[in-house]
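A.B. asks: One structure, pasted below without further comment.
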Amino acid sequence: MLIVRRLTKSYRSAQEQVAVLRGVDLDVAAGESVALTGESGSGKSTLLHLIAGLDAADSGEVKLEDVLISGMPDAARAELRRDRLGLVFQQFNLIPSLSVADNLAFQSRIAGKHDAVWQSELIERLGLAALLKRYPEQLSGGQQQRVAIGRALASKPLLLLADEPTGNLDEETADNVLSLARDLVARTGCGFLMVTHSARLAATLDRQVQLHAGLIR
């Protein structure tokens with residue numbers, strides 16, 4: 001499903017070049033859930049952004065199924081994110097002018113993959129039924145995160161990328177969210193790559209990998 005090879009990324013800081021990723025290799029199979037761990041500043045979020053095509057690597061390759069993401073023009077990467085990826089990052093990125101119901105359905109509708117039955121299940125299991133008519137500014141941080149997670153899952157993506165998706169949630173809701181993600185993996189055969197600091201949550205996924213000194217262990 002996902003193949004990452006020899007991926008490198010550096011940033012300029014003050015007068016020096018800082019190497020964040022030094023040749024990362026990573027595979028995520030169809031139907032597999034993988035936890036990505038590592039100390040703060042190890043490059044976990046950078047890696048997810050490169051896989052999602054939100055930033056460009058210095059060198060190396062990222063492939064999703066048969067599509068080479070690295071080297072794609074911006075418009076093609078945006079189309080790929082719309083049609084094949086589910087993204088949950090630490091910024092919720094909800095659309096302020098849309099209600100919760102419309103935010104949940106937004107990506108699946110523009111991708112032509114809306115499934116009303118699946119969306120109803122997401123709404124129930126994420127505890128969003130009473131919030132559907134509200135707008136993002138009327139929600140708490142945890143509520144916004146649940147909407148963002150539901151939006152990412154609604155389109156049944158080929159690959160779900162999540163950066164600390166349960167950081168603003170209580171333990172019970174966090175467990176429910178991961179159960180939903182695992183259900184999606186089981187039902188559709190999608191891949192799931194999640195950044196987490198929680199050893200407890202990481203242990204619930206199929207495999208754990210660690211990013212250290214710019215390399216996967």
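Letters for chains follow the order of the structure tokens (A, B, ...), residue numbers begin at 1 for each chain, and ligand numbers begin at 1 in the order shown.
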Against range 19-42 of chain A, which residues of range 54-104 of chain A fall within 12 Å? For each one I want the closest pair of atoms and the distance in Å (one decimal), counting only C-alpha atoms, rows by chain and increasing residue number, as JSON lines.
C.D. replies:
```
{"residue": "A:Ala57", "atom": "CA", "partner": "A:Leu21", "partner_atom": "CA", "distance": 9.1}
{"residue": "A:Asp58", "atom": "CA", "partner": "A:Leu21", "partner_atom": "CA", "distance": 9.4}
{"residue": "A:Ser59", "atom": "CA", "partner": "A:Gly23", "partner_atom": "CA", "distance": 8.4}
{"residue": "A:Gly60", "atom": "CA", "partner": "A:Gly23", "partner_atom": "CA", "distance": 7.4}
{"residue": "A:Glu61", "atom": "CA", "partner": "A:Asp25", "partner_atom": "CA", "distance": 9.3}
{"residue": "A:Val62", "atom": "CA", "partner": "A:Leu26", "partner_atom": "CA", "distance": 9.3}
{"residue": "A:Lys63", "atom": "CA", "partner": "A:Asp27", "partner_atom": "CA", "distance": 9.7}
{"residue": "A:Leu64", "atom": "CA", "partner": "A:Val28", "partner_atom": "CA", "distance": 9.6}
{"residue": "A:Glu65", "atom": "CA", "partner": "A:Ala30", "partner_atom": "CA", "distance": 9.1}
```
A.B. asks: Would you list the contacts of Arg146 in chain A as a PDB file with N, CA and C atoms, in the first residue's frame, taking every protein, DNA or RNA residue within 7 Å and counting only C-alpha atoms, but skipping same-chain residues closer than 4 positions in sequence?
C.D. replies:
```
ATOM      1  N   LEU A 126     -18.700   8.241  17.211  1.00  0.00           N
ATOM      2  CA  LEU A 126     -17.893   9.373  17.658  1.00  0.00           C
ATOM      3  C   LEU A 126     -18.671  10.311  18.581  1.00  0.00           C
ATOM      4  N   GLY A 142     -11.628  18.925  21.824  1.00  0.00           N
ATOM      5  CA  GLY A 142     -11.875  17.493  21.684  1.00  0.00           C
ATOM      6  C   GLY A 142     -12.993  17.187  20.706  1.00  0.00           C
ATOM      7  N   GLY A 150     -13.750  11.909  12.007  1.00  0.00           N
ATOM      8  CA  GLY A 150     -14.883  11.411  11.226  1.00  0.00           C
ATOM      9  C   GLY A 150     -14.785  11.799   9.765  1.00  0.00           C
TER      10      GLY A 150
END
```
A.B. asks: Of the candidates A:Leu161, A:Leu7, A:Ala101, A:Ala202, which shows the shortest atom-to-atom distance to Gly214 in chain A, using only C-alpha atoms?
C.D. replies: A:Leu7
A.B. asks: How would you write, as number ranges by chain, the set of residues in range 26-214 of chain A that DSSP gives as helix (DSSP H, G or I)?
C.D. replies: A: 44-51, 74-84, 100-110, 116-125, 129-131, 136-138, 141-154, 171-188, 199-202
A.B. asks: Could those residues be written to a file, using C-alpha atoms, as a short mmCIF file (atom, residue, chain, number, x, y, z; two decimals), in the first residue's frame?
C.D. replies:
```
data_model
loop_
_atom_site.label_atom_id
_atom_site.label_comp_id
_atom_site.auth_asym_id
_atom_site.auth_seq_id
_atom_site.Cartn_x
_atom_site.Cartn_y
_atom_site.Cartn_z
CA LYS A 44 7.51 12.04 12.88
CA SER A 45 5.22 14.86 11.72
CA THR A 46 7.66 15.75 8.93
CA LEU A 47 7.48 12.18 7.66
CA LEU A 48 3.67 12.19 7.64
CA HIS A 49 3.63 15.52 5.77
CA LEU A 50 5.98 14.12 3.12
CA ILE A 51 3.88 10.97 2.71
CA ASP A 74 0.98 20.40 -6.38
CA ALA A 75 -2.39 19.96 -8.14
CA ALA A 76 -1.88 16.22 -8.57
CA ARG A 77 -0.88 15.81 -4.91
CA ALA A 78 -4.01 17.71 -3.83
CA GLU A 79 -6.15 15.40 -5.98
CA LEU A 80 -4.46 12.37 -4.45
CA ARG A 81 -5.16 13.65 -0.92
CA ARG A 82 -8.81 14.22 -1.83
CA ASP A 83 -9.40 10.83 -3.43
CA ARG A 84 -7.09 8.37 -1.65
CA VAL A 100 -20.49 19.69 11.74
CA ALA A 101 -22.68 17.56 9.44
CA ASP A 102 -21.32 19.27 6.34
CA ASN A 103 -17.72 19.16 7.58
CA LEU A 104 -18.07 15.41 8.13
CA ALA A 105 -19.35 14.84 4.60
CA PHE A 106 -17.14 17.38 2.82
CA GLN A 107 -14.24 15.21 1.61
CA SER A 108 -16.32 12.12 0.83
CA ARG A 109 -18.72 14.21 -1.28
CA ILE A 110 -16.06 15.98 -3.36
CA ALA A 116 -24.71 7.69 4.16
CA VAL A 117 -24.83 4.45 6.16
CA TRP A 118 -21.12 4.62 7.03
CA GLN A 119 -21.44 8.31 7.95
CA SER A 120 -24.35 7.54 10.27
CA GLU A 121 -22.21 4.92 12.01
CA LEU A 122 -19.34 7.40 12.35
CA ILE A 123 -21.67 9.98 13.87
CA GLU A 124 -22.98 7.49 16.42
CA ARG A 125 -19.64 6.00 17.42
CA ALA A 129 -25.30 13.28 16.94
CA ALA A 130 -26.08 16.25 19.21
CA LEU A 131 -23.50 18.47 17.49
CA PRO A 136 -16.53 24.63 14.53
CA GLU A 137 -16.29 27.78 16.68
CA GLN A 138 -19.03 26.35 18.91
CA GLY A 141 -10.98 21.12 21.03
CA GLY A 142 -11.87 17.49 21.68
CA GLN A 143 -15.15 17.83 19.78
CA GLN A 144 -13.37 19.40 16.81
CA GLN A 145 -10.89 16.53 16.82
CA ARG A 146 -13.70 13.99 16.69
CA VAL A 147 -15.20 15.79 13.68
CA ALA A 148 -11.80 15.86 11.95
CA ILE A 149 -11.39 12.13 12.55
CA GLY A 150 -14.88 11.41 11.23
CA ARG A 151 -14.22 13.49 8.11
CA ALA A 152 -11.00 11.56 7.42
CA LEU A 153 -12.72 8.19 7.83
CA ALA A 154 -15.89 9.11 5.88
CA GLU A 171 -9.18 7.64 27.23
CA GLU A 172 -12.59 6.11 26.46
CA THR A 173 -13.13 8.26 23.34
CA ALA A 174 -9.53 7.65 22.26
CA ASP A 175 -10.10 3.89 22.44
CA ASN A 176 -13.34 4.26 20.44
CA VAL A 177 -11.58 6.31 17.76
CA LEU A 178 -8.87 3.69 17.34
CA SER A 179 -11.52 0.97 17.23
CA LEU A 180 -13.17 2.86 14.36
CA ALA A 181 -9.87 3.13 12.53
CA ARG A 182 -9.20 -0.58 12.97
CA ASP A 183 -12.72 -1.34 11.71
CA LEU A 184 -12.01 0.72 8.60
CA VAL A 185 -8.78 -1.21 8.03
CA ALA A 186 -10.63 -4.51 8.41
CA ARG A 187 -13.55 -3.54 6.17
CA THR A 188 -11.74 -1.83 3.32
CA ALA A 199 2.78 3.13 24.34
CA ARG A 200 -0.66 1.83 25.35
CA LEU A 201 -2.30 2.97 22.12
CA ALA A 202 0.67 1.94 19.98
#
```
A.B. asks: Measuring atom to atom with only C-alpha atoms, identify which of A:Leu215, A:Ala14, A:Val209, A:Leu98 is nearest to Arg134 in chain A.
C.D. replies: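 Using only C-alpha atoms, Arg134 in chain A sits closest to A:Leu98.
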A.B. asks: Write out as an MDAnalysis selection string the set of residues from range 14-99 of chain A that DSSP, computed on the backbone, places in strand (DSSP E).
C.D. replies: chainID A and resid 16:28 33:37 59:64 67:68 85:88
A.B. asks: Could the residues in this selection be written to a file with N, CA and C atoms, as a PDB file, in the first residue's frame?
C.D. replies:
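Wrote again.pdb, looks like this:
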```pdb
ATOM      1  N   GLU A  16      22.822  26.988  10.018  1.00  0.00           N
ATOM      2  CA  GLU A  16      23.163  25.597   9.740  1.00  0.00           C
ATOM      3  C   GLU A  16      22.010  24.846   9.104  1.00  0.00           C
ATOM      4  N   GLN A  17      22.349  23.778   8.432  1.00  0.00           N
ATOM      5  CA  GLN A  17      21.375  22.879   7.825  1.00  0.00           C
ATOM      6  C   GLN A  17      21.133  21.721   8.784  1.00  0.00           C
ATOM      7  N   VAL A  18      19.882  21.515   9.167  1.00  0.00           N
ATOM      8  CA  VAL A  18      19.538  20.474  10.127  1.00  0.00           C
ATOM      9  C   VAL A  18      18.864  19.321   9.387  1.00  0.00           C
ATOM     10  N   ALA A  19      19.470  18.148   9.432  1.00  0.00           N
ATOM     11  CA  ALA A  19      18.915  16.955   8.791  1.00  0.00           C
ATOM     12  C   ALA A  19      17.879  16.328   9.715  1.00  0.00           C
ATOM     13  N   VAL A  20      16.626  16.297   9.283  1.00  0.00           N
ATOM     14  CA  VAL A  20      15.549  15.719  10.084  1.00  0.00           C
ATOM     15  C   VAL A  20      15.354  14.245   9.742  1.00  0.00           C
ATOM     16  N   LEU A  21      15.266  13.938   8.459  1.00  0.00           N
ATOM     17  CA  LEU A  21      15.156  12.556   7.996  1.00  0.00           C
ATOM     18  C   LEU A  21      16.400  12.235   7.180  1.00  0.00           C
ATOM     19  N   ARG A  22      17.025  11.094   7.475  1.00  0.00           N
ATOM     20  CA  ARG A  22      18.351  10.795   6.906  1.00  0.00           C
ATOM     21  C   ARG A  22      18.359   9.575   5.992  1.00  0.00           C
ATOM     22  N   GLY A  23      17.209   9.207   5.450  1.00  0.00           N
ATOM     23  CA  GLY A  23      17.140   8.027   4.589  1.00  0.00           C
ATOM     24  C   GLY A  23      16.149   7.013   5.124  1.00  0.00           C
ATOM     25  N   VAL A  24      14.911   7.460   5.298  1.00  0.00           N
ATOM     26  CA  VAL A  24      13.873   6.629   5.920  1.00  0.00           C
ATOM     27  C   VAL A  24      13.328   5.610   4.925  1.00  0.00           C
ATOM     28  N   ASP A  25      13.234   4.362   5.373  1.00  0.00           N
ATOM     29  CA  ASP A  25      12.555   3.288   4.645  1.00  0.00           C
ATOM     30  C   ASP A  25      11.377   2.821   5.500  1.00  0.00           C
ATOM     31  N   LEU A  26      10.208   2.704   4.869  1.00  0.00           N
ATOM     32  CA  LEU A  26       9.018   2.288   5.613  1.00  0.00           C
ATOM     33  C   LEU A  26       8.012   1.677   4.646  1.00  0.00           C
ATOM     34  N   ASP A  27       7.406   0.568   5.047  1.00  0.00           N
ATOM     35  CA  ASP A  27       6.320  -0.060   4.286  1.00  0.00           C
ATOM     36  C   ASP A  27       5.093  -0.175   5.190  1.00  0.00           C
ATOM     37  N   VAL A  28       3.922   0.079   4.608  1.00  0.00           N
ATOM     38  CA  VAL A  28       2.656  -0.209   5.273  1.00  0.00           C
ATOM     39  C   VAL A  28       1.825  -1.020   4.291  1.00  0.00           C
ATOM     40  N   SER A  33      -2.119  -1.818  10.284  1.00  0.00           N
ATOM     41  CA  SER A  33      -2.068  -0.603  11.103  1.00  0.00           C
ATOM     42  C   SER A  33      -0.705  -0.529  11.781  1.00  0.00           C
ATOM     43  N   VAL A  34      -0.056   0.622  11.650  1.00  0.00           N
ATOM     44  CA  VAL A  34       1.311   0.800  12.136  1.00  0.00           C
ATOM     45  C   VAL A  34       1.385   2.036  13.025  1.00  0.00           C
ATOM     46  N   ALA A  35       1.987   1.889  14.190  1.00  0.00           N
ATOM     47  CA  ALA A  35       2.216   3.014  15.100  1.00  0.00           C
ATOM     48  C   ALA A  35       3.641   3.519  14.891  1.00  0.00           C
ATOM     49  N   LEU A  36       3.776   4.824  14.688  1.00  0.00           N
ATOM     50  CA  LEU A  36       5.078   5.470  14.530  1.00  0.00           C
ATOM     51  C   LEU A  36       5.382   6.249  15.800  1.00  0.00           C
ATOM     52  N   THR A  37       6.444   5.855  16.498  1.00  0.00           N
ATOM     53  CA  THR A  37       6.807   6.488  17.754  1.00  0.00           C
ATOM     54  C   THR A  37       8.187   7.144  17.626  1.00  0.00           C
ATOM     55  N   SER A  59      15.229  14.126  -1.135  1.00  0.00           N
ATOM     56  CA  SER A  59      15.501  12.979  -2.002  1.00  0.00           C
ATOM     57  C   SER A  59      14.726  11.787  -1.480  1.00  0.00           C
ATOM     58  N   GLY A  60      14.674  10.739  -2.310  1.00  0.00           N
ATOM     59  CA  GLY A  60      13.948   9.542  -1.933  1.00  0.00           C
ATOM     60  C   GLY A  60      12.603   9.463  -2.622  1.00  0.00           C
ATOM     61  N   GLU A  61      11.866   8.382  -2.322  1.00  0.00           N
ATOM     62  CA  GLU A  61      10.589   8.122  -2.997  1.00  0.00           C
ATOM     63  C   GLU A  61       9.486   7.798  -1.996  1.00  0.00           C
ATOM     64  N   VAL A  62       8.272   8.241  -2.329  1.00  0.00           N
ATOM     65  CA  VAL A  62       7.056   7.849  -1.619  1.00  0.00           C
ATOM     66  C   VAL A  62       6.078   7.336  -2.670  1.00  0.00           C
ATOM     67  N   LYS A  63       5.632   6.080  -2.518  1.00  0.00           N
ATOM     68  CA  LYS A  63       4.670   5.506  -3.452  1.00  0.00           C
ATOM     69  C   LYS A  63       3.432   5.040  -2.694  1.00  0.00           C
ATOM     70  N   LEU A  64       2.263   5.369  -3.224  1.00  0.00           N
ATOM     71  CA  LEU A  64       0.990   4.883  -2.707  1.00  0.00           C
ATOM     72  C   LEU A  64       0.383   3.994  -3.782  1.00  0.00           C
ATOM     73  N   VAL A  67       1.271   4.692  -7.462  1.00  0.00           N
ATOM     74  CA  VAL A  67       1.445   6.116  -7.751  1.00  0.00           C
ATOM     75  C   VAL A  67       2.665   6.661  -7.007  1.00  0.00           C
ATOM     76  N   LEU A  68       3.578   7.267  -7.748  1.00  0.00           N
ATOM     77  CA  LEU A  68       4.756   7.902  -7.160  1.00  0.00           C
ATOM     78  C   LEU A  68       4.381   9.322  -6.738  1.00  0.00           C
ATOM     79  N   LEU A  85      -6.472   9.621   0.359  1.00  0.00           N
ATOM     80  CA  LEU A  85      -5.896   9.739   1.692  1.00  0.00           C
ATOM     81  C   LEU A  85      -6.912  10.267   2.695  1.00  0.00           C
ATOM     82  N   GLY A  86      -6.792   9.786   3.925  1.00  0.00           N
ATOM     83  CA  GLY A  86      -7.491  10.382   5.055  1.00  0.00           C
ATOM     84  C   GLY A  86      -6.443  10.975   5.979  1.00  0.00           C
ATOM     85  N   LEU A  87      -6.590  12.247   6.329  1.00  0.00           N
ATOM     86  CA  LEU A  87      -5.575  12.957   7.112  1.00  0.00           C
ATOM     87  C   LEU A  87      -6.172  13.475   8.408  1.00  0.00           C
ATOM     88  N   VAL A  88      -5.511  13.176   9.516  1.00  0.00           N
ATOM     89  CA  VAL A  88      -5.876  13.747  10.812  1.00  0.00           C
ATOM     90  C   VAL A  88      -4.600  14.290  11.432  1.00  0.00           C
TER      91      VAL A  88
END
```
A.B. asks: A:Gln91, A:Asn168, A:Asp206, A:Ile216: which is nearest Arg5 in chain A, counting only C-alpha atoms?
C.D. replies: A:Ile216
A.B. asks: Considering only C-alpha atoms, can you say which of A:Gln90, A:Gly127, A:Thr8, A:Leu2 comes closest to Ala213 in chain A?
C.D. replies: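 Looking at the shortest contact to Ala213 in chain A, the residue is A:Thr8.
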